[in-house]
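The structure under discussion appears below in the form of structure tokens.
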Amino acid sequence: MKLFALLARPVLLTAALLLARATSPLALDWREFESSAHGFPAMRDLSGKLVANGEFSQWTSGGRLHVRISYAFRDGHRGEEQVILRQRPGLRQDSWSWRETRGGTVEREFTVDLTSGHATASTIDKGERKQWSETLKVDDPESTFAGFGFTVALKAIRDRLITGETVELHGVGFTPKPQLGNVDVSLAAHDRLRMAGRMIAGDRFVVHPKVPLVAKLFVHLPDATIWLTTPPVGFLRWEGPLALPDDPRVRVDFLP
């Protein structure tokens, strides 16, 4: 029995794939505005071995914030996450997608339109294409996020988490079929991470899937972990399964 995988990373957040809907009307007290940015994240396995080199691009156009994170994996395939968000009058995400290709063939693709709730998944299993299409009930689109959008949302609730509050979010993930579920987001620790030969202070947050008691004997959903820099707040590191619950865990570092 499977439920959903967390995608709480900016890629990068790409997916262990999470969308999050805050259950409190104060969850997204957005006081910051994202602007253009460009960087080069690195994806590694938990032993530190390089898995993929990435490129991060963020820009504003047509009143929207656009984010594209692409990865060139060492085994030859590529991955790309795309996100579109609104920042005025409040933070709101319009769409999210994650696609993996090899030699021009789409091996896996997951998408969601947060305005309509329409979500799709496509994978190749033993040479056979499998596809899913669902219309998810997004009750509160102003508080629903996915992928890198979720990291932006985490910035908005950081002050609450730092005081020790646990914020319950409503999540969507893929198994690979789109699914609904709940997660708890909380502060785990204040860390100092060694990156690029220097120590950087970061706050570690955990996104924990809430599995119903009846399902706990049959399913294990791994946590996702996000590190943000201390103010001014920025993304620093993400760790979790790449896209699906049984994918190997990876770590994405984004040196500010």
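Residues in the structure tokens are named by chain (A, B, ... in the order shown) and by number from 1 within that chain; ligands are numbered from 1 in the order shown.
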
- Item | Neighbour list for segment 233-240 of chain A as an MDAnalysis selection string, cut-off 7 Å, only C-alpha atoms, skip fewer than 5 positions in-chain | chainID A and resid 9 16 155 223:228 249:256

- Which residues in segment 136-186 of chain A does DSSP call alpha helix (DSSP H)? List them as a list of chain:residue names.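 Listing alpha helix (DSSP H) positions across segment 136-186 of chain A yields A:Phe148, A:Gly149, A:Phe150, A:Thr151, A:Val152, A:Ala153, A:Leu154, A:Lys155, A:Ala156, A:Arg158, A:Asp159, A:Arg160, A:Leu161, A:Ile162.
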
- Query: So which residues touch Val112 of chain A within 7 Å, counting only C-alpha atoms, skipping near sequence neighbours fewer than 3 positions away, as a PyMOL selection string?
  - Reply: chain A and resi 95-97+117-120

Compile the contact shell of Gly63 of chain A as a compact mmCIF listing (two decimals) with N, CA and C atoms, in the first residue's frame: residues with an atom at most 12 Å away, counting only C-alpha atoms, same-chain residues fewer than 6 positions apart removed.
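Contents of part21.txt, as written:
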# COMPACT_ATOMS: atom_id res chain seq x y z
N PHE A 33 9.75 39.34 -1.28
CA PHE A 33 9.47 39.12 -2.70
C PHE A 33 10.73 38.60 -3.36
N GLU A 34 10.56 37.49 -4.09
CA GLU A 34 11.68 36.90 -4.80
C GLU A 34 11.94 37.69 -6.08
N SER A 35 13.20 37.73 -6.50
CA SER A 35 13.57 38.42 -7.73
C SER A 35 14.45 37.50 -8.57
N ILE A 84 5.83 28.08 -11.54
CA ILE A 84 5.32 29.43 -11.76
C ILE A 84 4.52 29.84 -10.53
N LEU A 85 4.85 31.02 -9.98
CA LEU A 85 4.16 31.53 -8.79
C LEU A 85 3.75 32.98 -8.99
N ARG A 86 2.73 33.38 -8.22
CA ARG A 86 2.37 34.79 -8.11
C ARG A 86 2.85 35.28 -6.74
N GLN A 87 3.27 36.53 -6.67
CA GLN A 87 3.71 37.09 -5.39
C GLN A 87 2.80 38.22 -4.90
N ARG A 88 1.93 38.71 -5.77
CA ARG A 88 0.99 39.76 -5.39
C ARG A 88 -0.41 39.38 -5.90
N PRO A 89 -1.47 39.69 -5.10
CA PRO A 89 -1.42 40.37 -3.80
C PRO A 89 -0.91 39.49 -2.67
N GLY A 90 -0.81 38.19 -2.90
CA GLY A 90 -0.25 37.26 -1.93
C GLY A 90 0.47 36.16 -2.65
N LEU A 91 1.24 35.37 -1.90
CA LEU A 91 1.99 34.27 -2.51
C LEU A 91 1.04 33.16 -2.93
N ARG A 92 1.16 32.75 -4.17
CA ARG A 92 0.30 31.69 -4.71
C ARG A 92 1.01 31.02 -5.88
N ASP A 94 0.95 28.75 -9.32
CA ASP A 94 0.07 28.38 -10.43
C ASP A 94 0.33 26.97 -10.93

- Task: Rounded to one decimal place, report the atom CA of Glu134 of chain A-atom CA of Leu114 of chain A distance in Å.
- Result: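 Atom-to-atom, atom CA of Glu134 of chain A and atom CA of Leu114 of chain A are spaced 12.2 Å apart.
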
Give me, as CSV, the closest atom pair and its distance (Å, one decimal) for every residue of segment 143-197 of chain A within a cut-off of 12 Å of segment 39-52 of chain A, counting only C-alpha atoms, rows sorted by chain and rising number.
residue,atom,partner,partner_atom,distance
A:Arg194,CA,A:Gly48,CA,11.9
A:Met195,CA,A:Ala42,CA,10.9
A:Ala196,CA,A:Ala42,CA,11.0

- Query: Which is closer to Pro248 of chain A than all the others in A:Ser116, A:Val206, A:Phe56, A:Pro222, using only C-alpha atoms?
  - Reply: A:Pro222

- Give me, please, the distance in Å between atom CA of Asp113 of chain A and atom CA of Phe205 of chain A, quoted to one decimal.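 Computing it gives 26.2 Å between the two atoms.
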
- Could you tell me how far atom CA of Ser70 of chain A lies from atom CA of Phe174 of chain A, in Å and to one decimal? 20.0 Å

- Query: Within 8 Å of Ala201 of chain A, counting only C-alpha atoms, which residues qualify if same-chain residues fewer than 6 places away don't, as a list in words?
  - Reply: His190, Asp191, Arg192, Leu193, Thr229 and Thr230 of chain A

Write the residues you've just listed into a file as a PDB file, in the first residue's frame, and include C-alpha atoms for each of them.
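Contents of result_0.pdb, freshly written:
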ATOM      1  CA  HIS A 190      20.267  24.955  14.012  1.00  0.00           C
ATOM      2  CA  ASP A 191      23.235  23.519  12.089  1.00  0.00           C
ATOM      3  CA  ARG A 192      26.554  24.558  10.658  1.00  0.00           C
ATOM      4  CA  LEU A 193      27.122  22.847   7.311  1.00  0.00           C
ATOM      5  CA  THR A 229      20.233  30.030   5.630  1.00  0.00           C
ATOM      6  CA  THR A 230      19.834  32.268   8.641  1.00  0.00           C
TER       7      THR A 230
END

- Task: Give the strand (DSSP E) residues of segment 121-150 of chain A, as assigned by DSSP on the backbone, as an MDAnalysis selection string.
- Result: chainID A and resid 121:125 128:135 144:146

- Residue with smallest distance to Pro141 of chain A - pool A:Asn53, A:Asn182, A:Thr115, A:Ser61, counting only C-alpha atoms: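 When distances to Pro141 of chain A are compared using only C-alpha atoms, the smallest one comes from A:Thr115.
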
- Residue nearest Thr111 of chain A among A:Asp246, A:Glu128, A:Asp75, A:Glu80 (counting only C-alpha atoms):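 Of all the options, A:Glu80 lies closest to Thr111 of chain A.
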
- Message: Considering only C-alpha atoms, can you say which of A:Thr175, A:Thr123, A:Ser186, A:Ser36 comes closest to Thr101 of chain A?
- Response: A:Thr123
